[in-house]
file final18.txt (compact mmCIF, C-alpha atoms)
# COMPACT_ATOMS: atom_id res chain seq x y z
CA GLU J 252 75.28 45.95 94.58
CA ASP J 253 75.67 49.45 96.02
CA GLN J 254 79.21 50.72 95.54
CA VAL J 255 81.30 53.86 96.10
CA THR J 256 84.65 54.53 94.39
CA GLN J 257 86.89 57.48 95.18
CA SER J 258 89.75 58.82 93.08
CA PRO J 259 92.55 59.53 93.23
CA GLU J 260 93.74 57.50 96.22
CA ALA J 261 96.28 60.19 97.04
CA LEU J 262 96.79 63.77 95.89
CA ARG J 263 99.72 66.11 96.52
CA LEU J 264 99.14 69.82 95.91
CA GLN J 265 101.16 72.95 96.30
CA GLU J 266 99.55 75.58 98.49
CA GLY J 267 97.16 77.60 96.30
CA GLU J 268 96.90 74.90 93.62
CA SER J 269 93.19 74.17 93.15
CA SER J 270 91.97 70.65 92.33
CA SER J 271 89.03 68.25 92.60
CA LEU J 272 88.38 64.90 94.27
CA ASN J 273 85.98 62.45 92.66
CA CYS J 274 83.39 60.11 94.17
CA SER J 275 81.52 57.85 91.75
CA TYR J 276 78.66 55.70 92.95
CA THR J 277 76.17 53.06 91.92
CA VAL J 278 73.18 52.73 94.23
CA SER J 279 69.56 51.76 93.91
CA GLY J 280 67.76 54.93 94.93
CA LEU J 281 70.08 57.58 96.33
CA ARG J 282 68.78 59.18 99.53
CA GLY J 283 71.92 61.20 100.22
CA LEU J 284 75.63 61.59 99.48
CA PHE J 285 77.92 62.62 102.32
CA TRP J 286 81.44 64.07 102.47
CA TYR J 287 83.63 63.72 105.56
CA ARG J 288 87.11 64.87 106.50
CA GLN J 289 89.34 62.61 108.61
CA ASP J 290 92.56 63.72 110.27
CA PRO J 291 95.15 61.11 111.36
CA GLY J 292 94.17 59.39 114.61
CA LYS J 293 90.72 60.97 114.67
CA GLY J 294 87.19 60.09 113.68
CA PRO J 295 85.60 61.39 110.46
CA GLU J 296 84.17 64.91 110.66
CA PHE J 297 80.98 65.69 108.74
CA LEU J 298 81.30 68.26 105.93
CA PHE J 299 78.32 68.12 103.56
CA THR J 300 75.19 66.24 102.57
CA LEU J 301 73.88 66.40 98.99
CA TYR J 302 70.45 64.99 98.19
CA SER J 303 69.75 65.53 94.48
CA ALA J 304 71.57 65.98 91.17
CA GLY J 305 72.54 69.59 90.55
CA GLU J 306 72.85 70.44 94.22
CA GLU J 307 75.96 72.29 95.41
CA LYS J 308 77.24 73.19 98.89
CA GLU J 309 80.19 75.29 100.00
CA LYS J 310 82.25 75.68 103.14
CA GLU J 311 85.31 77.93 103.13
CA ARG J 312 87.64 76.58 100.40
CA LEU J 313 85.52 73.46 99.77
CA LYS J 314 82.65 73.06 97.32
CA ALA J 315 80.74 69.83 96.78
CA THR J 316 78.67 69.08 93.70
CA LEU J 317 76.45 66.15 92.74
CA THR J 318 75.38 64.52 89.47
CA LYS J 319 73.40 61.32 88.92
CA LYS J 320 76.58 59.22 88.87
CA GLU J 321 79.24 61.11 90.81
CA SER J 322 80.15 63.87 93.21
CA PHE J 323 83.11 66.21 93.18
CA LEU J 324 84.79 67.94 96.08
CA HIS J 325 86.48 71.04 94.69
CA ILE J 326 89.27 72.58 96.75
CA THR J 327 90.07 76.17 95.85
CA ALA J 328 93.47 77.64 96.78
CA PRO J 329 94.17 74.95 99.40
CA LYS J 330 96.24 75.57 102.50
CA PRO J 331 98.42 73.08 104.43
CA GLU J 332 95.69 72.79 107.08
CA ASP J 333 93.42 71.26 104.42
CA SER J 334 95.65 68.17 104.44
CA ALA J 335 93.52 65.19 105.49
CA THR J 336 91.74 62.15 104.12
CA TYR J 337 88.41 62.99 102.50
CA LEU J 338 85.73 60.31 102.64
CA CYS J 339 82.63 60.01 100.51
CA ALA J 340 79.60 57.94 101.56
CA VAL J 341 76.20 57.21 100.04
CA GLN J 342 72.91 56.18 101.50
CA ALA J 343 70.49 54.13 99.41
CA ASN J 344 67.07 52.93 100.57
CA THR J 345 68.44 51.76 103.93
CA ASP J 346 69.46 53.18 107.30
CA LYS J 347 73.14 52.64 106.51
CA LEU J 348 75.95 54.58 104.83
CA ILE J 349 78.35 52.93 102.39
CA PHE J 350 81.79 54.53 102.49
CA GLY J 351 84.47 54.84 99.84
CA THR J 352 88.11 54.22 100.75
CA GLY J 353 88.97 57.92 100.71
CA THR J 354 91.39 60.34 99.06
CA ARG J 355 94.47 61.29 101.06
CA LEU J 356 95.23 64.95 100.37
CA GLN J 357 98.57 66.55 101.17
CA VAL J 358 99.05 70.30 100.67
CA PHE J 359 102.61 71.59 100.79
CA PRO J 360 103.61 75.21 101.56
CA ASN F 262 78.98 69.13 124.76
CA ALA F 263 80.96 65.88 124.48
CA GLY F 264 79.23 64.47 121.36
CA VAL F 265 80.24 60.81 120.93
CA THR F 266 82.66 59.33 123.47
CA GLN F 267 84.40 55.98 123.00
CA THR F 268 86.23 54.03 125.67
CA PRO F 269 88.87 52.74 125.79
CA LYS F 270 91.06 54.58 123.25
CA PHE F 271 93.65 51.80 122.99
CA ARG F 272 93.64 48.13 123.93
CA VAL F 273 95.82 45.09 123.36
CA LEU F 274 94.16 41.68 123.67
CA LYS F 275 95.43 38.16 123.49
CA THR F 276 93.75 35.75 121.09
CA GLY F 277 90.67 34.27 122.75
CA GLN F 278 90.16 37.05 125.28
CA SER F 279 86.92 39.01 125.43
CA MET F 280 86.23 42.70 125.78
CA THR F 281 83.53 45.33 125.46
CA LEU F 282 83.86 48.68 123.73
CA LEU F 283 81.60 51.42 125.04
CA CYS F 284 80.06 54.22 123.01
CA ALA F 285 78.13 57.04 124.67
CA GLN F 286 76.38 59.99 123.01
CA ASP F 287 74.77 63.00 124.64
CA MET F 288 72.85 64.37 121.62
CA ASN F 289 69.66 62.32 122.10
CA HIS F 290 70.27 60.60 118.76
CA GLU F 291 68.10 57.64 117.84
CA TYR F 292 70.56 55.92 115.48
CA MET F 293 73.93 54.49 116.50
CA TYR F 294 76.52 52.56 114.51
CA TRP F 295 79.72 50.57 114.95
CA TYR F 296 82.28 50.63 112.12
CA ARG F 297 85.74 49.19 111.71
CA GLN F 298 88.41 50.88 109.61
CA ASP F 299 91.25 48.96 108.02
CA PRO F 300 93.91 50.20 105.56
CA GLY F 301 92.63 50.03 101.99
CA MET F 302 89.20 48.77 103.10
CA GLY F 303 87.51 51.96 104.19
CA LEU F 304 84.88 52.06 106.90
CA ARG F 305 82.79 48.89 107.14
CA LEU F 306 79.60 48.65 109.17
CA ILE F 307 79.57 45.98 111.89
CA HIS F 308 76.22 46.49 113.65
CA TYR F 309 73.80 49.33 114.07
CA SER F 310 70.74 50.37 116.07
CA VAL F 311 67.75 52.49 115.07
CA GLY F 312 66.55 53.00 118.64
CA GLU F 313 66.75 51.83 122.25
CA GLY F 314 66.41 48.07 122.49
CA THR F 315 67.00 47.46 118.76
CA THR F 316 70.06 46.11 116.93
CA ALA F 317 70.75 44.95 113.38
CA LYS F 318 73.63 43.38 111.47
CA GLY F 319 75.80 45.36 109.11
CA GLU F 320 78.31 44.29 106.49
CA VAL F 321 80.81 42.45 108.76
CA PRO F 322 78.95 41.27 111.93
CA ASP F 323 80.66 37.88 112.51
CA GLY F 324 82.57 37.66 115.79
CA TYR F 325 80.85 40.69 117.31
CA ASN F 326 77.75 41.28 119.43
CA VAL F 327 76.04 44.53 120.42
CA SER F 328 73.53 45.84 122.89
CA ARG F 329 71.52 49.08 123.15
CA LEU F 330 69.87 48.91 126.58
CA LYS F 331 69.88 52.70 126.99
CA LYS F 332 69.34 55.25 124.24
CA GLN F 333 72.63 57.00 124.90
CA ASN F 334 74.85 53.88 125.00
CA PHE F 335 75.83 51.33 122.34
CA LEU F 336 78.13 48.50 123.38
CA LEU F 337 80.25 46.36 121.07
CA GLY F 338 81.44 43.01 122.40
CA LEU F 339 84.13 40.62 121.22
CA GLU F 340 83.53 37.22 122.84
CA SER F 341 86.73 35.52 121.63
CA ALA F 342 89.14 37.93 119.99
CA ALA F 343 91.05 36.91 116.85
CA PRO F 344 94.01 38.63 115.13
CA SER F 345 91.69 39.43 112.19
CA GLN F 346 89.82 41.77 114.54
CA THR F 347 92.85 44.02 114.88
CA SER F 348 91.49 47.33 113.63
CA VAL F 349 90.38 50.83 114.53
CA TYR F 350 86.77 50.85 115.71
CA PHE F 351 84.55 53.89 115.32
CA CYS F 352 81.18 54.55 116.84
CA ALA F 353 78.81 57.05 115.24
CA SER F 354 75.36 58.43 115.94
CA SER F 355 72.75 60.37 113.99
CA TYR F 356 69.39 61.98 114.68
CA GLU F 357 67.88 60.09 111.78
CA GLY F 358 69.28 57.86 109.05
CA THR F 359 69.64 60.54 106.38
CA TYR F 360 71.38 63.09 108.59
CA GLY F 361 75.15 63.40 108.85
CA TYR F 362 76.77 61.10 111.38
CA THR F 363 78.77 62.30 114.38
CA PHE F 364 81.76 60.02 114.95
CA GLY F 365 83.74 59.26 118.06
CA SER F 366 87.53 59.45 118.13
CA GLY F 367 88.01 55.70 117.77
CA THR F 368 89.40 52.70 119.65
CA ARG F 369 92.61 51.19 118.36
CA LEU F 370 92.48 47.43 119.11
CA THR F 371 95.37 45.04 118.61
CA VAL F 372 94.85 41.29 119.00
CA VAL F 373 98.07 39.30 119.40

call {"tool": "encode", "arguments": {"input": "final18.txt", "output": "structure tokens"}}
result
Amino acid sequence: EDQVTQSPEALRLQEGESSSLNCSYTVSGLRGLFWYRQDPGKGPEFLFTLYSAGEEKEKERLKATLTKKESFLHITAPKPEDSATYLCAVQANTDKLIFGTGTRLQVFP
Amino acid sequence: NAGVTQTPKFRVLKTGQSMTLLCAQDMNHEYMYWYRQDPGMGLRLIHYSVGEGTTAKGEVPDGYNVSRLKKQNFLLGLESAAPSQTSVYFCASSYEGTYGYTFGSGTRLTVV
């Protein structure tokens, strides 16, 4: 069964304290791995798509990487405005995404 | 450019009542999806559509029906609401299945 697990469930960081969020997955034939950001009371906002092991993508203070079993979302020198829930999703050989339960990130000044 | 618009934003229903949630997208996307989001459960797919006139069941389809009569609209219906359907409902669309989804802002539904 296709499955996505995110860790940790919650993460508290001081402003400027870099860290990483983990997304481990088991799927039969990965077509893509997606990262989203979700602010309270809003819909998820698309960040990145990774398609193959070894691929990396960056956007401002965020960098996503992919291996055959997991993906990491690295946050470098985070700011309070980076506080949000970060969702990981995978697509196997279907037209559907399977989402993890997310990591709630809080960055304090 | 509105993207994905969901109506209504909030609704309170009594058990047994029916309602329809409307999702509209202006990006000419072929694929549209309905998800529900519950604490600790993540986003779970209810129904989806890969084009006008098509629908398919997702992970949690029981108690819901959908229709895609026009390419830009995807309707989610609850025929007889139950308290277990209290949730936040999100609609999403994508150009093609492997592209990133664009989500609406959600409908918060409470069934009492």

call {"tool": "residues_around", "arguments": {"input": "final18.txt", "residues": "J:Gly351", "least_positions_apart": "5", "cutoff": "7 Å", "atoms": "only C-alpha atoms", "output": "PyMOL selection string"}}
result
(chain J and resi 255-257+338-340) or (chain F and resi 303)

call {"tool": "atom_distance", "arguments": {"input": "final18.txt", "atom1": "atom CA of J:Gln254", "atom2": "atom CA of F:Tyr309"}}
result
19.4 Å

call {"tool": "interface_residues", "arguments": {"input": "final18.txt", "of": "chain J", "to": "chain F", "cutoff": "10 Å", "atoms": "all atoms listed in the file", "output": "number ranges by chain"}}
result
J: 260, 282-287, 292-300, 302, 338, 340-353

call {"tool": "closest_residue", "arguments": {"input": "final18.txt", "among": "F:Leu330, F:Met280, F:Leu370, F:Leu336", "to": "F:Ser348", "atoms": "all atoms listed in the file"}}
result
F:Leu370

call {"tool": "residues_around", "arguments": {"input": "final18.txt", "residues": "F:Asn289", "least_positions_apart": "2", "cutoff": "10 Å", "atoms": "only C-alpha atoms", "output": "list in words"}}
result
Gly264, Gln286, Asp287, Glu291, Tyr292, Lys332, Gln333, Ser354, Ser355 and Tyr356 of chain F

call {"tool": "atom_distance", "arguments": {"input": "final18.txt", "atom1": "atom CA of F:Gly324", "atom2": "atom CA of F:Ser341"}}
result
7.5 Å

call {"tool": "atom_distance", "arguments": {"input": "final18.txt", "atom1": "atom CA of F:Tyr296", "atom2": "atom CA of F:Leu282"}}
result
11.9 Å
